[in-house]
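Visitor: Structure file upload_17.tsv, TSV, C-alpha atoms, is pasted below:
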chain	number	residue	atom	x	y	z
G	1	MET	CA	120.39	133.62	121.48
G	2	LYS	CA	118.86	133.51	124.90
G	3	MET	CA	117.08	136.47	126.43
G	4	LYS	CA	115.51	136.94	129.82
G	5	LEU	CA	112.72	139.47	130.13
G	6	LEU	CA	112.87	141.49	133.33
G	7	CYS	CA	109.50	142.44	134.76
G	8	LEU	CA	110.77	145.72	136.15
G	9	GLN	CA	111.86	148.31	133.60
G	10	LEU	CA	114.96	150.33	134.40
G	11	ALA	CA	114.01	153.85	135.57
G	12	VAL	CA	116.74	156.36	134.92
G	13	LEU	CA	117.26	160.03	134.22
G	14	ILE	CA	114.60	160.51	131.54
G	15	ALA	CA	111.96	160.45	134.27
G	16	LEU	CA	113.61	163.51	135.61
G	17	SER	CA	113.85	165.45	132.52
G	18	GLY	CA	124.12	145.65	102.41
G	19	CYS	CA	121.29	143.84	104.23
G	20	GLN	CA	117.62	144.49	103.93
G	21	SER	CA	115.87	145.17	107.16
G	22	SER	CA	112.34	145.03	108.44
G	23	GLY	CA	111.78	148.43	110.01
G	24	GLN	CA	115.11	149.74	108.76
G	25	SER	CA	115.61	153.48	109.16
G	26	HIS	CA	115.02	155.56	106.05
G	27	GLN	CA	118.34	156.37	104.43
G	28	THR	CA	119.69	159.86	105.12
G	29	THR	CA	122.35	162.03	103.54
G	30	THR	CA	123.89	165.40	104.27
G	31	GLY	CA	123.01	168.66	102.56
G	32	ALA	CA	120.54	170.62	104.71
G	33	ILE	CA	119.27	174.04	103.67
G	34	GLY	CA	121.59	176.69	105.14
G	35	HIS	CA	124.87	176.11	106.91
G	36	CYS	CA	126.16	176.55	110.45
G	37	ASN	CA	129.78	175.79	111.25
G	38	PRO	CA	129.72	174.63	113.93
G	39	LEU	CA	126.05	173.77	114.18
G	40	THR	CA	124.56	175.50	117.21
G	41	TYR	CA	120.99	175.90	118.40
G	42	GLN	CA	121.11	179.68	117.91
G	43	CYS	CA	122.32	179.40	114.34
G	44	HIS	CA	120.07	176.44	113.63
G	45	GLN	CA	117.01	178.52	114.56
G	46	GLN	CA	117.77	180.89	111.70
G	47	ARG	CA	117.97	178.22	109.04
G	48	LYS	CA	115.20	177.71	106.53
G	49	ASN	CA	113.28	174.47	107.12
G	50	SER	CA	112.65	172.14	104.22
G	51	PRO	CA	108.93	171.57	103.54
G	52	ILE	CA	107.07	168.38	104.40
G	53	SER	CA	104.29	167.27	102.05
G	54	THR	CA	100.73	167.50	103.30
G	55	SER	CA	100.29	163.74	102.86
G	56	ILE	CA	103.39	162.81	104.86
G	57	GLN	CA	102.60	165.37	107.56
G	58	ALA	CA	99.09	164.00	108.00
G	59	LYS	CA	100.43	160.47	108.43
G	60	LEU	CA	103.08	161.64	110.89
G	61	GLU	CA	100.36	163.25	112.97
G	62	ARG	CA	98.26	160.10	112.71
G	63	ALA	CA	101.18	157.97	113.91
G	64	ASN	CA	101.79	160.35	116.79
G	65	ALA	CA	98.15	160.14	117.83
G	66	LEU	CA	98.22	156.34	117.66
G	67	SER	CA	101.32	156.06	119.83
G	68	ARG	CA	100.00	158.56	122.38
G	69	SER	CA	96.88	156.44	122.72
G	70	GLY	CA	98.98	153.34	123.37
G	71	LYS	CA	98.67	151.85	119.88
G	72	ILE	CA	102.43	151.49	119.45
G	73	LEU	CA	102.58	148.70	116.86
G	74	PRO	CA	100.07	150.33	114.44
G	75	ALA	CA	102.08	153.57	114.74
G	76	ILE	CA	105.34	151.78	113.94
G	77	GLU	CA	103.81	149.96	110.98
G	78	LEU	CA	102.33	153.20	109.63
G	79	LEU	CA	105.66	155.02	109.84
G	80	GLU	CA	107.69	152.14	108.40
G	81	GLY	CA	105.30	151.98	105.45
G	82	LEU	CA	105.83	155.61	104.42
G	83	THR	CA	107.84	156.49	101.32
G	84	PRO	CA	109.58	159.85	101.82
G	85	GLY	CA	110.13	162.09	98.83
G	86	THR	CA	112.75	164.37	100.35
G	87	LYS	CA	115.57	164.21	102.88
G	88	ALA	CA	113.52	166.37	105.23
G	89	GLU	CA	110.66	163.87	105.11
G	90	THR	CA	113.12	161.04	105.77
G	91	ALA	CA	114.38	162.84	108.87
G	92	ALA	CA	110.84	163.61	110.04
G	93	ILE	CA	109.82	159.95	109.77
G	94	ASN	CA	112.89	158.76	111.66
G	95	TYR	CA	112.29	161.44	114.31
G	96	GLN	CA	108.75	160.17	114.87
G	97	LEU	CA	109.96	156.55	114.96
G	98	ALA	CA	112.46	157.48	117.68
G	99	LEU	CA	109.66	159.02	119.76
G	100	VAL	CA	107.34	156.05	119.25
G	101	HIS	CA	110.02	153.59	120.35
G	102	ASP	CA	110.78	155.82	123.33
G	103	ARG	CA	107.17	155.46	124.47
G	104	ASN	CA	107.62	151.69	124.23
G	105	GLN	CA	110.93	151.88	126.16
G	106	MET	CA	112.93	150.27	123.35
G	107	ASP	CA	116.18	152.10	124.11
G	108	HIS	CA	118.24	150.53	121.32
G	109	MET	CA	115.60	151.43	118.74
G	110	VAL	CA	115.42	155.00	120.06
G	111	VAL	CA	119.16	155.42	119.50
G	112	TYR	CA	118.97	153.73	116.11
G	113	TYR	CA	116.31	156.06	114.74
G	114	ALA	CA	117.62	159.15	116.55
G	115	GLN	CA	121.00	158.72	114.90
G	116	ALA	CA	119.34	158.23	111.51
G	117	ALA	CA	117.22	161.36	111.97
G	118	LEU	CA	120.13	163.49	113.14
G	119	SER	CA	122.63	162.40	110.51
G	120	GLY	CA	121.58	164.82	107.77
G	121	GLN	CA	120.74	167.85	109.96
G	122	HIS	CA	117.35	168.21	108.29
G	123	LEU	CA	115.29	168.61	111.46
G	124	ASP	CA	114.42	172.01	112.88
G	125	SER	CA	116.32	173.22	115.94
G	126	GLU	CA	113.72	172.08	118.49
G	127	LYS	CA	113.49	168.55	117.13
G	128	HIS	CA	117.25	168.37	116.71
G	129	ALA	CA	117.81	169.35	120.35
G	130	THR	CA	115.13	166.91	121.53
G	131	LEU	CA	116.75	163.98	119.74
G	132	LEU	CA	120.28	164.91	120.81
G	133	ARG	CA	119.18	164.75	124.43
G	134	LEU	CA	117.08	161.63	123.97
G	135	GLU	CA	119.91	159.86	122.16
G	136	LEU	CA	122.54	160.55	124.80
G	137	LEU	CA	120.27	159.55	127.68
G	138	ARG	CA	119.41	156.26	126.01
G	139	LEU	CA	123.07	155.61	125.22
G	140	PHE	CA	123.78	156.09	128.90
G	141	ARG	CA	120.96	153.78	129.90
G	142	LEU	CA	122.30	151.12	127.54
G	143	GLY	CA	125.73	151.45	129.14
G	144	TYR	CA	127.63	153.11	126.30
G	145	PHE	CA	129.39	155.43	128.74
G	146	ASP	CA	132.17	156.80	126.53
G	147	GLU	CA	129.76	157.55	123.70
G	148	ALA	CA	127.29	159.13	126.11
G	149	LYS	CA	130.03	161.40	127.49
G	150	SER	CA	130.95	162.48	123.98
G	151	LYS	CA	127.31	163.16	123.11
G	152	ILE	CA	126.81	165.23	126.27
G	153	GLY	CA	129.77	167.37	125.28
G	154	ALA	CA	128.32	167.79	121.79
G	155	TYR	CA	124.92	168.68	123.29
G	156	TYR	CA	126.49	171.37	125.51
G	157	THR	CA	128.25	172.83	122.46
G	158	TYR	CA	125.06	172.78	120.39
G	159	MET	CA	122.98	174.44	123.12
G	160	GLY	CA	125.74	176.90	124.04
G	161	ILE	CA	125.75	175.83	127.70
G	162	SER	CA	128.39	174.58	130.09
G	163	ALA	CA	126.22	172.76	132.64
G	164	ASP	CA	122.93	170.94	132.99
G	165	ARG	CA	121.35	169.88	136.27
G	166	TYR	CA	120.39	166.49	134.86
G	167	LEU	CA	123.34	165.74	132.58
G	168	ASP	CA	126.13	166.73	134.97
G	169	PRO	CA	124.96	164.00	137.40
G	170	VAL	CA	125.09	161.53	134.50
G	171	LEU	CA	128.71	162.51	133.87
G	172	LEU	CA	129.50	162.10	137.58
G	173	TYR	CA	127.84	158.67	137.64
G	174	ILE	CA	129.94	157.59	134.66
G	175	ALA	CA	133.11	158.98	136.24
G	176	LEU	CA	132.39	156.99	139.40
G	177	GLN	CA	131.78	153.79	137.44
G	178	GLN	CA	135.00	154.30	135.48
G	179	ASP	CA	136.95	155.39	138.58
G	180	ASP	CA	137.98	158.62	136.83
G	181	LYS	CA	139.11	160.59	139.89
G	182	ALA	CA	140.04	163.73	137.97
G	183	ALA	CA	136.63	163.90	136.33
G	184	MET	CA	134.90	163.19	139.66
G	185	SER	CA	136.73	166.03	141.38
G	186	ALA	CA	136.01	168.51	138.56
G	187	LEU	CA	132.35	167.58	138.38
G	188	ARG	CA	131.82	167.78	142.14
G	189	GLU	CA	133.41	171.23	142.17
G	190	LYS	CA	131.20	172.28	139.25
G	191	MET	CA	128.04	170.92	140.87
G	192	ASN	CA	128.85	172.60	144.20
G	193	LYS	CA	128.96	175.96	142.43
G	194	SER	CA	125.63	175.44	140.67
G	195	SER	CA	122.77	177.73	141.57
G	196	GLN	CA	120.59	174.59	141.43
G	197	LYS	CA	122.90	172.55	143.63
G	198	SER	CA	120.11	170.76	145.52
G	199	ASP	CA	118.37	169.72	142.30
G	200	VAL	CA	121.64	168.54	140.78
G	201	TYR	CA	122.47	166.31	143.71
G	202	ALA	CA	118.88	165.06	143.91
G	203	SER	CA	119.26	163.91	140.30
G	204	PHE	CA	122.53	162.19	141.15
G	205	VAL	CA	120.94	160.40	144.11
G	206	ALA	CA	118.15	159.20	141.81
G	207	LEU	CA	120.74	157.82	139.41
G	208	THR	CA	122.56	155.90	142.10
G	209	SER	CA	119.33	154.15	143.08
G	210	VAL	CA	119.59	152.04	139.92
G	211	LYS	CA	122.42	150.05	138.40
G	212	VAL	CA	123.58	150.88	134.91
G	213	GLU	CA	126.37	148.60	133.72
G	214	GLN	CA	128.91	149.65	131.14
G	215	ALA	CA	128.47	148.00	127.75
G	216	LYS	CA	131.21	145.70	126.49
G	217	GLN	CA	131.51	147.67	123.26
G	218	PRO	CA	132.46	151.38	123.47
G	219	ARG	CA	130.14	152.46	120.66
G	220	PHE	CA	126.52	151.65	119.93
G	221	SER	CA	125.60	149.50	116.96
G	222	LEU	CA	122.78	147.11	116.27
G	223	PRO	CA	123.83	143.47	115.83
G	224	LYS	CA	122.99	141.48	112.73
G	225	GLU	CA	120.85	139.08	114.73
G	226	PRO	CA	117.20	140.02	115.37
G	227	VAL	CA	116.58	142.82	117.87
G	228	VAL	CA	113.30	143.40	119.70
G	229	LYS	CA	111.63	146.56	118.44
G	230	TYR	CA	108.20	146.07	119.98
G	231	GLN	CA	107.07	144.01	122.95
G	232	VAL	CA	104.04	143.65	125.17
G	233	PRO	CA	104.09	142.49	128.80
G	234	TYR	CA	102.89	138.99	129.45
G	235	ASP	CA	99.78	138.59	131.60
G	236	TYR	CA	99.64	136.88	134.95
G	237	PRO	CA	96.93	134.21	134.58
G	238	ARG	CA	94.09	135.14	136.92
G	239	GLU	CA	93.78	131.76	138.60
G	240	ALA	CA	97.54	131.51	139.13
G	241	ALA	CA	97.64	134.97	140.67
G	242	TYR	CA	94.66	134.16	142.88
G	243	GLN	CA	96.38	131.02	144.14
G	244	ARG	CA	99.72	132.88	144.44
G	245	ILE	CA	101.43	130.46	142.06
G	246	GLU	CA	104.83	131.51	140.74
G	247	GLY	CA	106.69	129.95	137.83
G	248	HIS	CA	108.47	130.29	134.51
G	249	ILE	CA	108.49	129.01	130.95
G	250	SER	CA	111.18	128.68	128.29
G	251	LEU	CA	110.07	129.13	124.68
G	252	GLN	CA	111.79	128.43	121.38
G	253	PHE	CA	110.74	130.18	118.19
G	254	ASP	CA	111.73	131.36	114.73
G	255	ILE	CA	111.34	134.83	113.25
G	256	ASP	CA	109.90	135.42	109.78
G	257	SER	CA	111.02	138.09	107.32
G	258	GLN	CA	108.49	140.55	108.76
G	259	GLY	CA	109.97	140.23	112.23
G	260	LYS	CA	107.13	138.13	113.65
G	261	PRO	CA	107.78	135.20	116.03
G	262	VAL	CA	106.55	131.95	114.47
G	263	ASN	CA	106.77	128.23	115.24
G	264	ILE	CA	106.61	128.91	118.98
G	265	THR	CA	107.11	125.83	121.16
G	266	VAL	CA	107.41	125.35	124.91
G	267	LEU	CA	110.76	123.86	125.93
G	268	GLU	CA	110.13	123.91	129.67
G	269	SER	CA	107.42	125.14	132.00
G	270	SER	CA	107.01	125.17	135.73
G	271	PRO	CA	104.40	124.41	136.94
G	272	THR	CA	103.53	122.49	133.79
G	273	GLY	CA	100.86	124.17	131.69
G	274	VAL	CA	100.06	127.03	134.06
G	275	PHE	CA	101.80	129.88	132.25
G	276	ASP	CA	102.31	128.39	128.77
G	277	GLN	CA	99.48	130.13	126.95
G	278	ALA	CA	100.10	133.51	128.57
G	279	GLY	CA	103.71	133.42	127.41
G	280	ILE	CA	102.85	132.29	123.90
G	281	ASP	CA	100.11	134.92	123.57
G	282	ALA	CA	102.56	137.67	124.54
G	283	LEU	CA	105.44	136.52	122.34
G	284	THR	CA	103.13	136.25	119.34
G	285	GLN	CA	102.61	140.01	119.55
G	286	TRP	CA	106.31	140.90	119.72
G	287	ARG	CA	108.13	142.25	116.66
G	288	TYR	CA	111.81	142.16	115.77
G	289	LEU	CA	114.09	144.21	113.58
G	290	VAL	CA	115.67	141.66	111.26
G	291	ASN	CA	118.40	141.48	108.65
G	292	LEU	CA	118.01	139.26	105.62
G	293	ASP	CA	120.72	137.32	103.80
G	294	THR	CA	121.06	137.18	100.02
G	295	ASN	CA	118.43	134.43	99.89
G	296	GLY	CA	115.89	136.49	101.82
G	297	LYS	CA	116.30	134.43	104.99
G	298	VAL	CA	116.45	136.05	108.41
G	299	ILE	CA	120.04	136.10	109.70
G	300	GLU	CA	120.20	134.08	112.94
G	301	GLY	CA	116.41	133.99	113.02
G	302	GLN	CA	115.90	130.31	113.82
G	303	ALA	CA	115.67	128.42	117.11
G	304	LEU	CA	115.74	131.47	119.37
G	305	ASN	CA	115.11	131.00	123.06
G	306	ILE	CA	113.42	133.25	125.59
G	307	GLU	CA	112.42	132.81	129.21
G	308	PHE	CA	109.47	134.44	130.95
G	309	ARG	CA	109.09	134.43	134.73
G	310	TRP	CA	106.06	135.08	136.92
G	311	GLY	CA	106.57	136.10	140.53
G	312	LEU	CA	104.39	137.96	142.98
G	313	ASN	CA	107.30	140.19	144.00
G	314	TYR	CA	108.44	141.14	140.49
Please re-express this file's structure in structure tokens.
Guide:
Amino acid sequence: MKMKLLCLQLAVLIALSGCQSSGQSHQTTTGAIGHCNPLTYQCHQQRKNSPISTSIQAKLERANALSRSGKILPAIELLEGLTPGTKAETAAINYQLALVHDRNQMDHMVVYYAQAALSGQHLDSEKHATLLRLELLRLFRLGYFDEAKSKIGAYYTYMGISADRYLDPVLLYIALQQDDKAAMSALREKMNKSSQKSDVYASFVALTSVKVEQAKQPRFSLPKEPVVKYQVPYDYPREAAYQRIEGHISLQFDIDSQGKPVNITVLESSPTGVFDQAGIDALTQWRYLVNLDTNGKVIEGQALNIEFRWGLNY
């Protein structure tokens, strides 16, 4: 598995608005207190919320404080180490994990935990709405266009709305990428009638300034091979930056059962030795979500390759 780390993160709409796993979402089931059919925000507000224990609540708040202060990995480790006693606590933990990964711009992990948190309908209406929106935006950013469209429709139904000045432009962007002329025409007509027409088109212009490519699979799912759940940027060595030296390195490594990169070796570096340590130091701090086989070995966790590049214009 070869991955190339891009130095520029994709900026999209959010700025405008049987295997064991390390970091696996807490298991959820249906059966929330109270019923709404269909589930809508207005009805959801009237439902009785399941209680969260004082101990779990305190740790959730601690994790939130850690992530807000930039201590993402300690927050993740704290949340993953919790043992929920109820379905509501399970949902609350997964909700917080989705937010922590969102702060670290791990889109796939945001969707993973958002879907786990939403599956049992145990969150309150505000948190439920927050995750619905976060999930669909991240699905869009990952290129799961059909799933994102479906989720936007579900969000409109839940909120009891027919338009959104940020989400309608997402639908138009998708329609353009899929060359869906009927949808394009309907959306343009809808946006032209909006009382916030200028804001709607400003959002669309912002979207077109970046390139979001459609995913090969129509629906989101995490692969069995290791997936990055936490990463840190690699430093530009001071002397190399001062001398305006650019370069790259290729690293090979294994991943242990805790998701930590181990046995890191340099396969190639240019210029030789200039960026090696900076790349190794960064990769050592990364963490992966892993699946284990029946022998407790990481599935596809050996001899992974990654390339880091340093450039003054990145």
Visitor: Could you name the residues that touch Pro261 in chain G at 7 Å or less, counting all atoms listed in the file, but leaving out those on the same chain fewer than 4 positions away, as a list in words?
Guide: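 These residues fall inside the cut-off: Phe253, Asp254, Ile255, Asp256, Leu283, Thr284 and Trp286 of chain G.
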Visitor: How far is it from CA of Gln45 in chain G to CA of Tyr158 in chain G, in Å with one decimal?
Guide: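 Calculated distance between CA of Gln45 in chain G and CA of Tyr158 in chain G is 11.5 Å.
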Visitor: For Gln42 in chain G, please output as a PDB file with C-alpha atoms, in the coordinates of the input all residues within 10 Å (counting all atoms listed in the file; exclusion window: fewer than 6 positions along the same chain).
Guide:
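For reference, out00.pdb as written:
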ATOM      1  CA  CYS G  36     126.160 176.550 110.450  1.00  0.00           C
ATOM      2  CA  SER G 125     116.320 173.220 115.940  1.00  0.00           C
ATOM      3  CA  TYR G 158     125.060 172.780 120.390  1.00  0.00           C
ATOM      4  CA  MET G 159     122.980 174.440 123.120  1.00  0.00           C
ATOM      5  CA  GLY G 160     125.740 176.900 124.040  1.00  0.00           C
TER       6      GLY G 160
END
Visitor: Between CA of Ala215 in chain G and CA of Leu142 in chain G, what distance in Å does the model show, to one decimal?
Guide: 6.9 Å
Visitor: Counting all atoms listed in the file, which of G:Val232, G:Leu82, G:Leu172, G:Ala241 gets nearest to Val205 in chain G?
Guide: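 Of the candidates, the smallest distance to Val205 in chain G is held by G:Leu172.
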Visitor: Quote the spacing between CA of Arg138 in chain G and CA of Val111 in chain G in Å to one decimal place.
Guide: 6.6 Å
Visitor: Could you name the residues that touch range 47-63 of chain G at 7 Å or less, counting only C-alpha atoms, but leaving out those on the same chain fewer than 3 positions away, as an mmCIF file with C-alpha atoms, in the coordinates of the input?
Guide:
data_model
loop_
_atom_site.group_PDB
_atom_site.id
_atom_site.type_symbol
_atom_site.label_atom_id
_atom_site.label_comp_id
_atom_site.auth_asym_id
_atom_site.auth_seq_id
_atom_site.Cartn_x
_atom_site.Cartn_y
_atom_site.Cartn_z
ATOM 1 C CA ILE G 33 119.270 174.040 103.670
ATOM 2 C CA GLY G 34 121.590 176.690 105.140
ATOM 3 C CA CYS G 43 122.320 179.400 114.340
ATOM 4 C CA HIS G 44 120.070 176.440 113.630
ATOM 5 C CA LEU G 66 98.220 156.340 117.660
ATOM 6 C CA SER G 67 101.320 156.060 119.830
ATOM 7 C CA ALA G 75 102.080 153.570 114.740
ATOM 8 C CA LEU G 78 102.330 153.200 109.630
ATOM 9 C CA LEU G 79 105.660 155.020 109.840
ATOM 10 C CA ALA G 88 113.520 166.370 105.230
ATOM 11 C CA GLU G 89 110.660 163.870 105.110
ATOM 12 C CA ASP G 124 114.420 172.010 112.880
#
Visitor: Can you pull out every residue within 8 Å of Glu300 in chain G, counting all atoms listed in the file, but drop anything in the same chain fewer than 6 positions away, and send it as a ChimeraX atom specification?
Guide: /G:224-226
Visitor: Show which residues sit within 8 Å of Asn94 in chain G, as a PyMOL selection string. Count only C-alpha atoms, and ignore same-chain residues fewer than 5 positions away.
Guide: chain G and resi 25-26+113-114+116-117
Visitor: Give as a list in words the set of residues within 8 Å of the point (123.2, 159.5, 134.2), where distances use the file's coordinates and only C-alpha atoms.
Guide: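 Nearby residues: Val12, Leu13, Leu137, Phe140, Arg141, Tyr166, Leu167, Asp168, Pro169, Val170, Leu171, Leu172, Tyr173, Ile174, Phe204 and Leu207 of chain G.
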Visitor: Draw an axis-aligned box tight on the listed atoms of range 67-75 of chain G, then pad every side by 3 Å and write out centre and edge lengths in Å to one decimal as AutoDock Vina command-line options.
Guide:
--center_x 99.7 --center_y 153.6 --center_z 118.9 --size_x 11.7 --size_y 15.9 --size_z 14.9
Visitor: Distance cut-off 9 Å, centre (110.3, 131.3, 122.9) in file coordinates, counting only C-alpha atoms: which residues qualify? Return them as a list in words.
Guide: Ile249, Ser250, Leu251, Gln252, Phe253, Asp254, Pro261, Asn263, Ile264, Thr265, Val266, Leu267, Gly279, Ile280, Leu283, Ala303, Leu304, Asn305, Ile306, Glu307 and Phe308 of chain G
Visitor: From the set G:Thr294, G:Leu176, G:Lys181, G:Leu97, which residue has the shortest atom-to-atom contact distance to Thr208 in chain G, counting all atoms listed in the file?
Guide: G:Leu176
Visitor: So which one's closest to Gln115 in chain G, G:Ser194, G:Ser221, G:Arg188, G:Ile245? Using only C-alpha atoms, please.
Guide: G:Ser221
Visitor: Out of G:Gln214, G:Ser195, G:Gln258, G:Gln285, which residue has the shortest atom-to-atom distance to Tyr234 in chain G when counting all atoms listed in the file?
Guide: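 Going through G:Gln214, G:Ser195, G:Gln258, G:Gln285 one by one, the smallest distance to Tyr234 in chain G is for G:Gln285.
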Visitor: I'd like to know which of G:Ser269, G:Thr86, G:Gln217, G:Gln196 is closest to Asp164 in chain G, using all atoms listed in the file.
Guide: G:Gln196
